[in-house]
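> Got target_39.cif for you, mmCIF, C-alpha atoms and all ligand atoms:
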```
data_work
#
loop_
_atom_site.label_atom_id
_atom_site.label_comp_id
_atom_site.auth_asym_id
_atom_site.auth_seq_id
_atom_site.Cartn_x
_atom_site.Cartn_y
_atom_site.Cartn_z
CA MET Z 1 177.12 -21.31 -145.07
CA ARG Z 2 175.72 -21.93 -141.61
CA LEU Z 3 172.33 -21.20 -140.05
CA VAL Z 4 171.90 -20.86 -136.28
CA THR Z 5 168.41 -20.50 -134.84
CA LEU Z 6 168.44 -17.94 -132.04
CA GLY Z 7 164.73 -17.54 -131.43
CA THR Z 8 161.81 -19.61 -132.65
CA SER Z 9 158.72 -18.60 -130.69
CA ALA Z 10 155.73 -16.55 -131.84
CA ALA Z 11 154.56 -13.32 -130.18
CA TYR Z 12 156.25 -13.92 -126.82
CA PRO Z 13 159.16 -16.02 -125.54
CA THR Z 14 158.62 -19.23 -123.61
CA ILE Z 15 160.85 -21.15 -121.20
CA GLU Z 16 162.38 -23.02 -124.14
CA ARG Z 17 162.21 -20.42 -126.89
CA ALA Z 18 163.21 -16.82 -127.46
CA SER Z 19 161.24 -14.69 -129.92
CA SER Z 20 162.35 -14.61 -133.56
CA GLY Z 21 166.01 -14.50 -134.56
CA TYR Z 22 168.39 -16.26 -136.97
CA LEU Z 23 172.12 -16.00 -137.52
CA VAL Z 24 173.53 -16.74 -140.98
CA ASN Z 25 177.27 -17.08 -141.15
CA GLU Z 26 179.75 -17.59 -143.95
CA GLY Z 27 183.43 -16.96 -143.22
CA LYS Z 28 183.65 -13.54 -141.61
CA THR Z 29 180.15 -12.58 -142.70
CA ASN Z 30 177.61 -12.72 -139.86
CA ILE Z 31 174.06 -11.64 -140.59
CA LEU Z 32 171.47 -11.43 -137.81
CA MET Z 33 167.91 -11.66 -139.14
CA ASP Z 34 165.46 -10.37 -136.54
CA LEU Z 35 166.11 -9.99 -132.84
CA GLY Z 36 163.09 -10.50 -130.67
CA SER Z 37 163.10 -10.94 -126.92
CA GLY Z 38 165.84 -13.36 -125.81
CA VAL Z 39 167.71 -13.40 -129.11
CA PHE Z 40 170.55 -11.19 -127.88
CA ARG Z 41 171.22 -13.63 -125.02
CA ASN Z 42 171.27 -16.61 -127.36
CA LEU Z 43 173.47 -14.75 -129.84
CA LEU Z 44 176.18 -14.44 -127.17
CA ARG Z 45 176.65 -18.23 -127.27
CA TRP Z 46 177.63 -18.11 -130.93
CA VAL Z 47 179.34 -14.88 -131.90
CA ASP Z 48 180.63 -11.66 -130.37
CA PRO Z 49 177.89 -9.17 -131.36
CA SER Z 50 180.70 -6.75 -132.26
CA ASP Z 51 181.52 -9.11 -135.13
CA LEU Z 52 178.08 -8.88 -136.73
CA SER Z 53 178.32 -7.67 -140.33
CA ALA Z 54 174.76 -6.33 -140.36
CA ILE Z 55 171.32 -6.75 -138.84
CA ILE Z 56 168.12 -7.23 -140.84
CA ILE Z 57 164.80 -6.47 -139.17
CA SER Z 58 161.99 -7.99 -141.21
CA HIS Z 59 159.26 -5.88 -139.60
CA LEU Z 60 158.56 -3.73 -136.61
CA HIS Z 61 156.70 -6.12 -134.35
CA GLN Z 62 158.28 -6.30 -130.92
CA ASP Z 63 158.90 -10.05 -131.16
CA HIS Z 64 161.16 -9.37 -134.15
CA PHE Z 65 163.20 -6.36 -133.03
CA ILE Z 66 163.03 -5.51 -129.31
CA ASP Z 67 166.50 -6.89 -128.47
CA ILE Z 68 168.01 -4.06 -130.51
CA TYR Z 69 167.80 -2.25 -127.17
CA PRO Z 70 170.15 -4.48 -125.09
CA MET Z 71 172.30 -4.92 -128.21
CA TYR Z 72 172.80 -1.14 -128.27
CA TYR Z 73 174.36 -1.14 -124.80
CA TYR Z 74 176.64 -4.05 -125.60
CA LEU Z 75 177.91 -2.44 -128.79
CA ALA Z 76 178.23 1.06 -127.30
CA PHE Z 77 180.21 -0.09 -124.25
CA HIS Z 78 182.45 -2.52 -126.11
CA ARG Z 79 183.36 0.27 -128.56
CA SER Z 80 183.44 -2.09 -131.50
CA GLU Z 81 185.63 -0.95 -134.40
CA HIS Z 82 182.81 -1.88 -136.76
CA LEU Z 83 180.36 0.80 -135.63
CA PRO Z 84 177.98 1.94 -136.78
CA ILE Z 85 176.54 -1.40 -137.79
CA ASN Z 86 174.14 -1.37 -140.74
CA VAL Z 87 170.55 -2.18 -139.78
CA TYR Z 88 168.32 -2.97 -142.75
CA ALA Z 89 164.72 -2.42 -141.71
CA PRO Z 90 161.40 -1.07 -143.00
CA GLU Z 91 161.27 2.65 -143.68
CA GLY Z 92 160.78 4.72 -140.54
CA ALA Z 93 162.45 2.13 -138.28
CA ARG Z 94 165.07 4.51 -136.89
CA ASP Z 95 162.56 7.05 -135.55
CA PHE Z 96 160.20 4.31 -134.36
CA ILE Z 97 162.96 2.52 -132.45
CA LEU Z 98 164.40 5.75 -131.03
CA GLN Z 99 161.14 6.26 -129.12
CA ILE Z 100 161.83 3.23 -126.89
CA PHE Z 101 165.40 4.31 -126.10
CA SER Z 102 164.95 6.43 -123.00
CA GLY Z 103 167.90 8.76 -122.38
CA VAL Z 104 169.59 7.94 -125.71
CA SER Z 105 169.78 10.78 -128.23
CA GLY Z 106 169.38 10.29 -131.95
CA SER Z 107 173.06 11.03 -132.52
CA ARG Z 108 174.12 8.39 -129.99
CA LEU Z 109 171.80 5.86 -131.60
CA ASP Z 110 173.23 6.74 -135.02
CA ALA Z 111 176.78 6.20 -133.72
CA VAL Z 112 175.88 2.54 -133.08
CA TYR Z 113 173.28 1.78 -135.75
CA SER Z 114 173.11 3.01 -139.33
CA PHE Z 115 169.56 2.36 -140.52
CA LYS Z 116 168.95 1.49 -144.18
CA SER Z 117 165.43 1.19 -145.59
CA LEU Z 118 164.32 -2.12 -147.05
CA LYS Z 119 162.31 -1.89 -150.23
CA ASP Z 120 160.35 -4.43 -152.23
CA ARG Z 121 162.61 -6.48 -154.55
CA MET Z 122 165.72 -4.66 -153.32
CA PHE Z 123 169.13 -6.31 -153.66
CA PHE Z 124 172.01 -5.52 -151.33
CA ASN Z 125 175.24 -7.22 -150.32
CA ILE Z 126 176.36 -8.03 -146.80
CA GLY Z 127 179.92 -9.34 -146.86
CA SER Z 128 180.01 -12.36 -149.15
CA ILE Z 129 176.24 -12.85 -149.14
CA LYS Z 130 173.80 -11.38 -151.67
CA CYS Z 131 170.55 -10.34 -150.02
CA GLN Z 132 167.11 -9.56 -151.38
CA SER Z 133 164.11 -8.16 -149.52
CA ILE Z 134 160.65 -9.00 -150.88
CA LYS Z 135 157.49 -7.47 -149.45
CA VAL Z 136 155.04 -9.90 -147.89
CA LYS Z 137 151.50 -9.52 -146.55
CA HIS Z 138 151.55 -8.42 -142.92
CA THR Z 139 150.78 -5.38 -140.81
CA PRO Z 140 152.98 -3.43 -140.29
CA MET Z 141 154.99 -3.62 -143.54
CA ALA Z 142 157.14 -6.77 -143.57
CA PHE Z 143 159.80 -8.23 -145.83
CA GLY Z 144 160.78 -11.80 -146.54
CA ILE Z 145 164.51 -12.20 -146.98
CA ARG Z 146 166.50 -14.26 -149.46
CA LEU Z 147 170.21 -14.81 -148.75
CA THR Z 148 172.25 -16.21 -151.60
CA SER Z 149 175.84 -17.36 -151.75
CA GLN Z 150 176.90 -20.88 -152.59
CA TYR Z 151 173.58 -21.87 -151.04
CA ILE Z 152 170.24 -20.15 -150.58
CA ILE Z 153 168.70 -19.52 -147.17
CA SER Z 154 165.33 -17.79 -147.24
CA TYR Z 155 163.02 -16.47 -144.56
CA SER Z 156 159.31 -15.74 -144.80
CA SER Z 157 159.16 -13.17 -141.98
CA ASP Z 158 155.56 -12.97 -140.71
CA THR Z 159 152.97 -13.06 -143.46
CA ALA Z 160 149.62 -14.19 -144.71
CA PHE Z 161 149.64 -16.46 -147.74
CA ASN Z 162 150.64 -14.58 -150.90
CA GLU Z 163 152.39 -15.20 -154.20
CA ALA Z 164 155.58 -13.34 -153.23
CA LEU Z 165 156.44 -16.26 -150.95
CA TYR Z 166 157.21 -18.41 -153.99
CA ASP Z 167 159.86 -15.91 -155.11
CA ILE Z 168 161.33 -15.69 -151.61
CA ALA Z 169 161.53 -19.47 -151.22
CA ALA Z 170 162.40 -20.50 -154.81
CA ASP Z 171 164.95 -23.36 -154.87
CA SER Z 172 166.12 -22.59 -151.33
CA ASP Z 173 168.42 -25.01 -149.55
CA ILE Z 174 166.60 -24.01 -146.36
CA PHE Z 175 163.34 -22.08 -146.28
CA ILE Z 176 162.66 -20.75 -142.77
CA CYS Z 177 158.90 -20.40 -142.83
CA GLU Z 178 156.58 -19.08 -140.18
CA ALA Z 179 153.76 -21.50 -139.39
CA THR Z 180 151.93 -19.63 -136.67
CA LYS Z 181 148.57 -21.23 -137.29
CA GLN Z 182 147.11 -24.70 -137.47
CA ASP Z 183 143.67 -23.57 -138.54
CA ASP Z 184 142.96 -20.85 -141.03
CA TYR Z 185 141.70 -17.87 -139.05
CA LYS Z 186 141.54 -15.49 -141.98
CA ASP Z 187 141.73 -12.29 -139.95
CA ILE Z 188 145.22 -13.10 -138.67
CA LEU Z 189 147.99 -12.30 -141.15
CA HIS Z 190 149.99 -15.48 -140.63
CA LEU Z 191 150.50 -18.84 -142.33
CA THR Z 192 149.21 -22.27 -141.44
CA ALA Z 193 151.62 -25.20 -141.46
CA THR Z 194 149.63 -26.54 -144.42
CA GLN Z 195 150.34 -23.35 -146.38
CA ALA Z 196 154.03 -23.55 -145.44
CA GLY Z 197 154.09 -27.06 -146.94
CA ILE Z 198 152.35 -25.91 -150.13
CA ILE Z 199 154.86 -23.07 -150.61
CA ALA Z 200 157.80 -25.42 -149.98
CA ARG Z 201 156.53 -27.90 -152.56
CA LYS Z 202 155.72 -25.38 -155.28
CA ALA Z 203 158.95 -23.42 -154.71
CA ASN Z 204 161.10 -26.57 -154.95
CA VAL Z 205 162.59 -26.05 -151.49
CA LYS Z 206 165.22 -28.59 -150.39
CA ASN Z 207 164.58 -28.29 -146.63
CA LEU Z 208 161.61 -26.68 -144.89
CA MET Z 209 162.07 -25.23 -141.41
CA LEU Z 210 158.83 -24.51 -139.57
CA THR Z 211 159.13 -21.75 -137.00
CA HIS Z 212 157.06 -19.12 -135.16
CA ILE Z 213 154.52 -21.84 -134.25
CA TRP Z 214 152.01 -20.48 -131.74
CA PRO Z 215 153.28 -21.49 -128.27
CA ASP Z 216 150.07 -23.34 -127.32
CA PHE Z 217 150.21 -25.62 -130.35
CA ASP Z 218 151.85 -29.03 -130.66
CA PRO Z 219 154.69 -28.66 -133.19
CA ALA Z 220 154.33 -32.35 -134.14
CA ARG Z 221 150.87 -31.58 -135.54
CA SER Z 222 152.28 -28.64 -137.51
CA GLN Z 223 154.94 -30.96 -138.94
CA GLN Z 224 152.30 -33.49 -139.93
CA MET Z 225 150.20 -30.82 -141.63
CA ALA Z 226 153.17 -29.58 -143.66
CA ALA Z 227 154.19 -33.16 -144.52
CA GLU Z 228 150.80 -33.75 -146.14
CA GLN Z 229 151.79 -31.10 -148.71
CA TYR Z 230 155.56 -31.44 -148.99
CA ASP Z 231 157.66 -34.58 -149.35
CA GLY Z 232 161.06 -33.10 -148.44
CA PRO Z 233 162.74 -32.87 -145.04
CA ILE Z 234 160.89 -30.78 -142.45
CA ILE Z 235 162.73 -29.31 -139.47
CA ILE Z 236 160.83 -28.01 -136.46
CA ALA Z 237 162.91 -25.03 -135.39
CA GLU Z 238 164.20 -24.99 -131.83
CA ASP Z 239 166.51 -22.42 -130.32
CA ASN Z 240 170.26 -22.83 -130.82
CA MET Z 241 170.15 -25.35 -133.64
CA GLU Z 242 173.25 -25.18 -135.83
CA ILE Z 243 172.76 -26.27 -139.43
CA TYR Z 244 175.68 -26.44 -141.86
CA LEU Z 245 175.18 -26.35 -145.59
CA ASP Z 246 178.22 -28.04 -147.08
CA SER Z 247 178.95 -29.42 -150.47
ZN ZN D 1 154.59 -9.89 -137.00
#
```
Please go through the file and, once you have read it, give me the structure as structure tokens.
Ligand SMILES: [Zn+2]

Amino acid sequence: MRLVTLGTSAAYPTIERASSGYLVNEGKTNILMDLGSGVFRNLLRWVDPSDLSAIIISHLHQDHFIDIYPMYYYLAFHRSEHLPINVYAPEGARDFILQIFSGVSGSRLDAVYSFKSLKDRMFFNIGSIKCQSIKVKHTPMAFGIRLTSQYIISYSSDTAFNEALYDIAADSDIFICEATKQDDYKDILHLTATQAGIIARKANVKNLMLTHIWPDFDPARSQQMAAEQYDGPIIIAEDNMEIYLDS
């Protein structure tokens, strides 16, 4: 099982970082989790998008899905044999996304993407990988994702602190956790790095990856905050990191 970070910024891309996106690969199974601005471009370095097994969109904030637009043109013009590609996303995603596709009819969109609704505590298989979506605390509706095969890779999506995060992260080999905040502004539905560390410790995570850190913040401080709560390895996510989980 391999994890490639394709986008690690929060809210907007920076010179160094695209918005959110992660590729999980095992054999011929390629799962793209989220595709914010710049993720499609980074994806091209690693895999032919025609070879994606499925896409998961954790929630409908632009920094987590907007590159579905350029991806559409790539897939439509390359006439991949694998179309339509399954897109697991919150309910209503198809009609919401269709609104931004000027000049593309619903039937043309459906020829490229087959939207499936994520539900709380839903299991589904993508290739060799067992997937589970678990609802987290964010607006609009958002789902953390747990990918299980020989190893477990889990992803918080965007969320305020809530108990479901322990189930998402439980015993993960890598827990990709948003750590947008360094101070606890309660009106923003995101995690602090301190909270990410607490979740990692209580959920018995083997490696904690901090991502989605607000662009103005020093990631070293976020790492230090998490390390005060969690003794295991902490990775500060950067774009195009390739992490192999091997026995
Ligand atoms: Zn969000």
> Give the residues close to ligand ZN 1 (chain D), within 10 Å, counting all atoms listed in the file; write them as a list in words.
Ala10, Ala11, Ser20, Ser58, His59, Leu60, His61, Gln62, Asp63, His64, His138, Thr139, Pro140, Met141, Ala142, Ser157, Asp158, Thr159, Glu178, Leu189, His190 and His212 of chain Z
> Go through Z:Thr211, Z:Asp231, Z:Leu3, Z:Asn240 and flag the residue nearest Leu44 of chain Z, using only C-alpha atoms for the distances.
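Of all the options, Z:Asn240 lies closest to Leu44 of chain Z.
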> With only C-alpha atoms as the basis for distance, which of Z:Met225, Z:Ile15, Z:Thr5, Z:Ile66 is at the shortest distance from Trp46 of chain Z?
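Checking each candidate against Trp46 of chain Z, we get Z:Thr5 as the closest.
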> Please measure the separation of atom CA of Gly103 of chain Z and atom CA of Leu75 of chain Z, giving the value in Å to one decimal.
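Answer for the atom CA of Gly103 of chain Z to atom CA of Leu75 of chain Z separation: 16.3 Å.
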> Report, in Å to a single decimal, how far apart atom CA of Ile31 of chain Z and atom CA of Ile198 of chain Z are.
27.7 Å
> Take atom CA of Val104 of chain Z and atom CA of Asp67 of chain Z and report the distance between them in Å, one decimal.
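So the answer is 15.4 Å.
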> Nearest to Lys137 of chain Z among Z:Ile100, Z:Leu191, Z:Val87, Z:Ala54, with distances taken over all atoms listed in the file: which residue is it?
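Going through Z:Ile100, Z:Leu191, Z:Val87, Z:Ala54 one by one, the smallest distance to Lys137 of chain Z is for Z:Leu191.
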> Which residues, written as a PyMOL selection string, have at least one atom at most 7 Å from Leu210 of chain Z, with all atoms listed in the file counted and residues fewer than 6 positions away on the same chain left out?
chain Z and resi 176-179+235-237
> Have segment 98-133 of chain Z completed to N, CA and C atoms, please, and pass it along as a compact mmCIF listing (two decimals), keeping the file's coordinate frame.

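Saved as rebuild-v6.txt:
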```
# COMPACT_ATOMS: atom_id res chain seq x y z
N LEU Z 98 163.86 4.73 -131.92
CA LEU Z 98 164.40 5.75 -131.03
C LEU Z 98 163.44 6.07 -129.88
N GLN Z 99 162.14 5.94 -130.15
CA GLN Z 99 161.14 6.26 -129.12
C GLN Z 99 161.26 5.36 -127.88
N ILE Z 100 161.75 4.13 -128.05
CA ILE Z 100 161.83 3.23 -126.89
C ILE Z 100 163.16 3.37 -126.17
N PHE Z 101 164.09 4.13 -126.72
CA PHE Z 101 165.40 4.31 -126.10
C PHE Z 101 165.37 5.51 -125.17
N SER Z 102 165.00 5.30 -123.92
CA SER Z 102 164.95 6.43 -123.00
C SER Z 102 166.38 6.89 -122.70
N GLY Z 103 166.60 8.20 -122.75
CA GLY Z 103 167.90 8.76 -122.38
C GLY Z 103 168.97 8.61 -123.45
N VAL Z 104 168.61 8.09 -124.63
CA VAL Z 104 169.59 7.94 -125.71
C VAL Z 104 169.19 8.91 -126.83
N SER Z 105 170.09 9.80 -127.18
CA SER Z 105 169.78 10.78 -128.23
C SER Z 105 169.87 10.12 -129.60
N GLY Z 106 169.30 10.79 -130.58
CA GLY Z 106 169.38 10.29 -131.95
C GLY Z 106 170.81 10.15 -132.42
N SER Z 107 171.67 11.09 -132.05
CA SER Z 107 173.06 11.03 -132.52
C SER Z 107 173.80 9.86 -131.88
N ARG Z 108 173.48 9.56 -130.63
CA ARG Z 108 174.12 8.39 -129.99
C ARG Z 108 173.62 7.09 -130.61
N LEU Z 109 172.34 7.05 -130.93
CA LEU Z 109 171.80 5.86 -131.60
C LEU Z 109 172.48 5.69 -132.96
N ASP Z 110 172.63 6.80 -133.68
CA ASP Z 110 173.23 6.74 -135.02
C ASP Z 110 174.71 6.36 -134.98
N ALA Z 111 175.37 6.59 -133.84
CA ALA Z 111 176.78 6.20 -133.72
C ALA Z 111 176.93 4.68 -133.63
N VAL Z 112 175.84 4.01 -133.23
CA VAL Z 112 175.88 2.54 -133.08
C VAL Z 112 175.19 1.85 -134.26
N TYR Z 113 174.06 2.41 -134.68
CA TYR Z 113 173.28 1.78 -135.75
C TYR Z 113 173.12 2.73 -136.93
N SER Z 114 173.38 2.24 -138.12
CA SER Z 114 173.11 3.01 -139.33
C SER Z 114 171.93 2.35 -140.05
N PHE Z 115 170.78 2.98 -139.97
CA PHE Z 115 169.56 2.36 -140.52
C PHE Z 115 169.48 2.55 -142.04
N LYS Z 116 169.16 1.49 -142.73
CA LYS Z 116 168.95 1.49 -144.18
C LYS Z 116 167.54 0.96 -144.44
N SER Z 117 166.81 1.61 -145.34
CA SER Z 117 165.43 1.19 -145.59
C SER Z 117 165.35 0.02 -146.56
N LEU Z 118 164.62 -1.01 -146.14
CA LEU Z 118 164.32 -2.12 -147.05
C LEU Z 118 163.23 -1.69 -148.02
N LYS Z 119 163.35 -2.16 -149.24
CA LYS Z 119 162.31 -1.89 -150.23
C LYS Z 119 161.94 -3.21 -150.90
N ASP Z 120 160.78 -3.22 -151.55
CA ASP Z 120 160.35 -4.43 -152.23
C ASP Z 120 161.28 -4.74 -153.40
N ARG Z 121 161.72 -5.98 -153.48
CA ARG Z 121 162.61 -6.48 -154.55
C ARG Z 121 163.95 -5.74 -154.58
N MET Z 122 164.43 -5.36 -153.42
CA MET Z 122 165.72 -4.66 -153.32
C MET Z 122 166.84 -5.68 -153.12
N PHE Z 123 167.93 -5.50 -153.86
CA PHE Z 123 169.13 -6.31 -153.66
C PHE Z 123 170.17 -5.50 -152.91
N PHE Z 124 170.89 -6.15 -152.01
CA PHE Z 124 172.01 -5.52 -151.33
C PHE Z 124 172.98 -6.61 -150.90
N ASN Z 125 174.23 -6.23 -150.73
CA ASN Z 125 175.24 -7.22 -150.32
C ASN Z 125 175.64 -6.99 -148.88
N ILE Z 126 175.77 -8.08 -148.13
CA ILE Z 126 176.36 -8.03 -146.80
C ILE Z 126 177.53 -9.01 -146.82
N GLY Z 127 178.74 -8.48 -146.75
CA GLY Z 127 179.92 -9.34 -146.86
C GLY Z 127 179.85 -10.16 -148.13
N SER Z 128 179.99 -11.47 -147.98
CA SER Z 128 180.01 -12.36 -149.15
C SER Z 128 178.62 -12.81 -149.58
N ILE Z 129 177.59 -12.33 -148.90
CA ILE Z 129 176.24 -12.85 -149.14
C ILE Z 129 175.37 -11.80 -149.86
N LYS Z 130 174.72 -12.25 -150.93
CA LYS Z 130 173.80 -11.38 -151.67
C LYS Z 130 172.41 -11.49 -151.03
N CYS Z 131 171.82 -10.36 -150.76
CA CYS Z 131 170.55 -10.34 -150.02
C CYS Z 131 169.46 -9.73 -150.90
N GLN Z 132 168.25 -10.20 -150.73
CA GLN Z 132 167.11 -9.56 -151.38
C GLN Z 132 165.96 -9.48 -150.39
N SER Z 133 165.31 -8.33 -150.34
CA SER Z 133 164.11 -8.16 -149.52
C SER Z 133 162.90 -8.16 -150.45
```
